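**Q** Input: one structure, supplied below.
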Amino acid sequence: MILVTGGAGYIGSHCVLALLNKGLDVVIFDSLETGHIETVETLQKEGKVEFIKGDLKKLEDINSVFDKYKIDAVVHFAALSLVSESVKEPQKYYYNNVYGTLNLLNAMMSHNVKKIVFSSTAATYGEPEYIPIDEKHPQNPINPYGNSKLMVEKIMDDYSKAYDLRSVRLRYFNVAGADSKTRVGEWHNPETHLIPNILKSTLSGGKTFEMYGDDYPTKDGTCVRDYINVEDLAQAHILALEYLAKGGETNYFNLGTKNGDTVKEVFSACEKVTGKNIPVNIMPRREGDPASLVADNTKAKTILGWNPEHTLEDSIKTAYAFLTRD
């Protein structure tokens, strides 16, 4: 049985579907602070999914899961992830993301569970020194969110050496799209990601969308990002679990496509998929937005055998189908 913390959230729910598709039983542990009980109920229609509402900041909550179920491995998504909020409320992020993970790791150790796949982030790299970014790139986060994820990575290194608690850390770039059968998808409140916000603007009476900065040193002046499809991302977690099950050592991998798309290209793709013209208002740059973030995914391809299959347009199509479903 696989424990998925944060399984009621965006990426976690897609990972649960991928686990169920492999015939695995799942326990979701989620506080529902940002996840949704409706998502859990949808997942429970797809296979054997147990749900425990709890808070990782309470050791007794997470210990109770290991007491009740025989857990073979953990996939850890539960975290706060808004960069701007982390700058305003760093205490909240360190307490939730770092202390909460410490409780999870301690519960694992006390129940002799020694395998974990961790949802990390390209934000641990900070401002890119070169593109594409490989795993040897220095990790110098520029915000508390990135710092909190890097702290967890370092803790996992130490636990691996001292206690043989093996981890795979997956550093995501920009995640996009939804389940191809529209069962689950992106559902944040507030929504902060580019693609769902562009798509939502087409459903709200022709709202003008704000684009931040068109004077970057890129091919069309707008920021370049590496958009990785959420179903491809979920498959990487399955491969990471299989890698650990076969005795793989603690490791870390970038998850991206190695291709970058500009904000203007994303807008064009959204207009193509929706068939609607999206009015845009160019705004000044936002502080802290790097011109380009693109992953080198060679290591994940080579060691995990992972290969992203979906295009940006595929991701936009599934995201739009999820938003406009009945």
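For the structure tokens, the naming scheme is as follows: chains receive sequential letters (A, B, ...) according to their order of presentation, residues are indexed from 1 within each chain, and ligands are indexed from 1 in presentation order.
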Got a sec: who's within 10 Å of segment 132-137 of chain A, counting only C-alpha atoms, leaving out chain neighbours fewer than 5 positions off, as a PyMOL selection string?
**A** chain A and resi 122+124-126+171+226+252-254+256+258-260+292-300
**Q** Show which residues sit within 7 Å of segment 306-310 of chain A, as a list in words. Count only C-alpha atoms, and ignore same-chain residues fewer than 6 positions away.
**A**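 So, after excluding close chain neighbours, the residues are Asn229, Asp232, Ala236, Thr257 and Ala300 of chain A.
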**Q** Quick one: write out the picked residues with C-alpha atoms as a PDB file, in the first residue's frame?
**A**
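Result written to again.pdb:
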```
ATOM      1  CA  ASN A 229       2.318  17.633 -18.541  1.00  0.00           C
ATOM      2  CA  ASP A 232       3.782  12.612 -17.664  1.00  0.00           C
ATOM      3  CA  ALA A 236       7.772   9.780 -13.238  1.00  0.00           C
ATOM      4  CA  THR A 257      10.630  18.623 -21.350  1.00  0.00           C
ATOM      5  CA  ALA A 300      15.572  11.112 -15.516  1.00  0.00           C
TER       6      ALA A 300
END
```
**Q** If we count only C-alpha atoms, what is near Thr121 of chain A at a cut-off of 10 Å, once residues fewer than 2 positions away on the same chain are taken out, given as a PDB file with N, CA and C atoms, in the first residue's frame?
**A**
```pdb
ATOM      1  N   SER A  81       2.833  26.057  -1.379  1.00  0.00           N
ATOM      2  CA  SER A  81       3.674  26.244  -2.564  1.00  0.00           C
ATOM      3  C   SER A  81       3.534  27.597  -3.261  1.00  0.00           C
ATOM      4  N   PHE A 118       9.767  12.332  -3.129  1.00  0.00           N
ATOM      5  CA  PHE A 118       9.470  13.684  -2.632  1.00  0.00           C
ATOM      6  C   PHE A 118       9.241  14.650  -3.786  1.00  0.00           C
ATOM      7  N   SER A 119       8.155  15.394  -3.672  1.00  0.00           N
ATOM      8  CA  SER A 119       7.801  16.444  -4.617  1.00  0.00           C
ATOM      9  C   SER A 119       8.645  17.679  -4.325  1.00  0.00           C
ATOM     10  N   ALA A 123      12.499  25.523  -8.072  1.00  0.00           N
ATOM     11  CA  ALA A 123      12.765  26.728  -7.257  1.00  0.00           C
ATOM     12  C   ALA A 123      13.965  26.536  -6.338  1.00  0.00           C
ATOM     13  N   THR A 124      14.416  25.288  -6.146  1.00  0.00           N
ATOM     14  CA  THR A 124      15.626  25.089  -5.333  1.00  0.00           C
ATOM     15  C   THR A 124      16.869  25.598  -6.055  1.00  0.00           C
ATOM     16  N   TYR A 125      16.791  25.794  -7.371  1.00  0.00           N
ATOM     17  CA  TYR A 125      17.953  26.273  -8.125  1.00  0.00           C
ATOM     18  C   TYR A 125      18.125  27.793  -8.045  1.00  0.00           C
ATOM     19  N   TYR A 145       9.862  29.581  -0.027  1.00  0.00           N
ATOM     20  CA  TYR A 145       9.323  28.332  -0.563  1.00  0.00           C
ATOM     21  C   TYR A 145      10.444  27.442  -1.078  1.00  0.00           C
ATOM     22  N   GLY A 146      11.297  27.991  -1.935  1.00  0.00           N
ATOM     23  CA  GLY A 146      12.423  27.229  -2.460  1.00  0.00           C
ATOM     24  C   GLY A 146      13.370  26.781  -1.358  1.00  0.00           C
ATOM     25  N   LYS A 149      11.956  23.705   0.485  1.00  0.00           N
ATOM     26  CA  LYS A 149      12.104  22.459  -0.278  1.00  0.00           C
ATOM     27  C   LYS A 149      13.564  21.985  -0.269  1.00  0.00           C
ATOM     28  N   LEU A 150      14.494  22.925  -0.367  1.00  0.00           N
ATOM     29  CA  LEU A 150      15.906  22.541  -0.344  1.00  0.00           C
ATOM     30  C   LEU A 150      16.295  22.004   1.033  1.00  0.00           C
ATOM     31  N   ARG A 169      14.071  12.556  -5.023  1.00  0.00           N
ATOM     32  CA  ARG A 169      13.512  13.917  -5.079  1.00  0.00           C
ATOM     33  C   ARG A 169      13.304  14.310  -6.538  1.00  0.00           C
ATOM     34  N   LEU A 170      12.084  14.680  -6.865  1.00  0.00           N
ATOM     35  CA  LEU A 170      11.725  15.051  -8.230  1.00  0.00           C
ATOM     36  C   LEU A 170      11.527  16.563  -8.274  1.00  0.00           C
ATOM     37  N   ARG A 171      12.385  17.225  -9.027  1.00  0.00           N
ATOM     38  CA  ARG A 171      12.356  18.690  -9.107  1.00  0.00           C
ATOM     39  C   ARG A 171      11.553  19.102 -10.333  1.00  0.00           C
ATOM     40  N   TYR A 172      10.318  19.555 -10.077  1.00  0.00           N
ATOM     41  CA  TYR A 172       9.407  19.910 -11.158  1.00  0.00           C
ATOM     42  C   TYR A 172       9.740  21.285 -11.725  1.00  0.00           C
ATOM     43  N   PHE A 173       9.482  21.403 -13.027  1.00  0.00           N
ATOM     44  CA  PHE A 173       9.465  22.726 -13.644  1.00  0.00           C
ATOM     45  C   PHE A 173       7.988  23.149 -13.710  1.00  0.00           C
ATOM     46  N   ASN A 174       7.470  23.714 -14.765  1.00  0.00           N
ATOM     47  CA  ASN A 174       6.097  24.232 -14.741  1.00  0.00           C
ATOM     48  C   ASN A 174       5.093  23.148 -15.133  1.00  0.00           C
ATOM     49  N   PHE A 253      16.122  14.126  -9.507  1.00  0.00           N
ATOM     50  CA  PHE A 253      15.937  14.234 -10.954  1.00  0.00           C
ATOM     51  C   PHE A 253      15.132  15.484 -11.294  1.00  0.00           C
ATOM     52  N   ASN A 254      15.503  16.135 -12.380  1.00  0.00           N
ATOM     53  CA  ASN A 254      14.692  17.206 -12.947  1.00  0.00           C
ATOM     54  C   ASN A 254      13.568  16.610 -13.783  1.00  0.00           C
ATOM     55  N   LEU A 255      12.391  17.193 -13.669  1.00  0.00           N
ATOM     56  CA  LEU A 255      11.264  16.790 -14.512  1.00  0.00           C
ATOM     57  C   LEU A 255      10.812  17.985 -15.342  1.00  0.00           C
TER      58      LEU A 255
END
```
**Q** When you count only C-alpha atoms, which of these residues is closest to Tyr99 of chain A: A:Asp55, A:Asp67, A:Asp179, A:Glu313?
**A**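 Counting only C-alpha atoms, the residue closest to Tyr99 of chain A is A:Asp55.
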**Q** Pick the closest to Ser31 of chain A from A:Ala18, A:Leu56, A:Val87, A:Val49: which is it, counting only C-alpha atoms?
**A**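 So, comparing all the options, the nearest one is A:Leu56.
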**Q** Could you tell me which of A:Leu323, A:Leu32, A:Ile282, A:Leu24 comes closest to Ala8 of chain A if we count only C-alpha atoms?
**A** A:Leu32
**Q** If we count only C-alpha atoms and set the cut-off at 12 Å, which residues sit around Arg183 of chain A, ignoring sequence neighbours fewer than 4 positions away in its own chain? Please answer as a list in words.
**A** Tyr10, Ser13, His14, Val16, Leu17, Glu38, Thr39, Val40, Glu41, Thr42, Leu43, Gln44, Lys45, Glu46, Ala178, Asp179, Trp187, Thr318, Ala319, Ala321, Phe322, Leu323, Arg325 and Asp326 of chain A
**Q** Any chance you can output those residues with C-alpha atoms as a PDB file, in the first residue's frame?
**A**
```pdb
ATOM      1  CA  TYR A  10      -3.522  18.880  -8.105  1.00  0.00           C
ATOM      2  CA  SER A  13      -4.457  13.327  -7.375  1.00  0.00           C
ATOM      3  CA  HIS A  14      -2.947  12.572 -10.779  1.00  0.00           C
ATOM      4  CA  VAL A  16      -3.044   8.518  -7.258  1.00  0.00           C
ATOM      5  CA  LEU A  17      -4.713   7.767 -10.610  1.00  0.00           C
ATOM      6  CA  GLU A  38     -14.547  16.100  -3.993  1.00  0.00           C
ATOM      7  CA  THR A  39     -11.238  15.057  -5.585  1.00  0.00           C
ATOM      8  CA  VAL A  40     -10.878  12.242  -3.044  1.00  0.00           C
ATOM      9  CA  GLU A  41     -14.423  11.062  -3.775  1.00  0.00           C
ATOM     10  CA  THR A  42     -13.658  11.018  -7.503  1.00  0.00           C
ATOM     11  CA  LEU A  43     -10.500   8.977  -6.910  1.00  0.00           C
ATOM     12  CA  GLN A  44     -12.359   6.485  -4.705  1.00  0.00           C
ATOM     13  CA  LYS A  45     -14.552   5.609  -7.701  1.00  0.00           C
ATOM     14  CA  GLU A  46     -11.427   4.543  -9.601  1.00  0.00           C
ATOM     15  CA  ALA A 178      -5.254  17.673 -16.436  1.00  0.00           C
ATOM     16  CA  ASP A 179      -6.315  14.038 -16.492  1.00  0.00           C
ATOM     17  CA  TRP A 187      -8.208  23.437  -8.900  1.00  0.00           C
ATOM     18  CA  THR A 318      -6.903  18.639 -21.204  1.00  0.00           C
ATOM     19  CA  ALA A 319      -6.841  21.695 -18.932  1.00  0.00           C
ATOM     20  CA  ALA A 321     -11.623  20.100 -21.119  1.00  0.00           C
ATOM     21  CA  PHE A 322     -11.439  19.920 -17.313  1.00  0.00           C
ATOM     22  CA  LEU A 323     -12.471  23.564 -16.896  1.00  0.00           C
ATOM     23  CA  ARG A 325     -16.629  19.758 -18.224  1.00  0.00           C
ATOM     24  CA  ASP A 326     -20.298  19.344 -17.245  1.00  0.00           C
TER      25      ASP A 326
END
```
**Q** Using only C-alpha atoms, find the one residue out of A:Leu80, A:Val230, A:Ala269, A:Val152 that sits nearest to Gly177 of chain A.
**A** A:Val230
**Q** May I have all residues of segment 24-141 of chain A that DSSP, computed from the backbone, assigns to alpha helix (DSSP H), given as a PyMOL selection string?
**A** chain A and resi 37-44+59-68+83-88+90-93+100-110
**Q** What does the distance from atom CA of Ile142 of chain A to atom CA of Asp158 of chain A come to in Å, to one decimal?
**A**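 Going from atom CA of Ile142 of chain A over to atom CA of Asp158 of chain A covers 23.0 Å.
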**Q** Please provide as a ChimeraX atom specification all residues within 12 Å of Glu265 of chain A, with the sequence filter that same-chain residues fewer than 3 positions apart are discarded (counting only C-alpha atoms).
**A** /A:194-195,218-227,260-262,268-272,312-313,316
**Q** Could you state the separation of atom CA of Glu33 of chain A and atom CA of Lys181 of chain A in Å, given to one decimal place?
**A**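 Computing it gives 25.4 Å between the two atoms.
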**Q** Go through A:Ser120, A:Thr311, A:Thr101, A:Asn281 and flag the residue nearest Lys57 of chain A, using only C-alpha atoms for the distances.
**A**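 Looking at the shortest contact to Lys57 of chain A, the residue is A:Thr101.
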**Q** Mind giving me the straight-line distance from atom CA of Thr34 of chain A to atom CA of Tyr94 of chain A in Å, one decimal?
**A**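 The value is 16.9 Å.
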**Q** Could you pull out the strand (DSSP E) residues of segment 38-285 of chain A, going by DSSP on the backbone, and write them as an MDAnalysis selection string?
**A** chainID A and resid 49:53 73:76 115:121 166:172 174:176 209:212 224:225 227:229 251:255 261:262 280:283
**Q** Nearest to Gly100 of chain A among A:Pro144, A:Gly54, A:Gly288, A:Pro128, with distances taken over only C-alpha atoms: which residue is it?
**A** A:Gly54
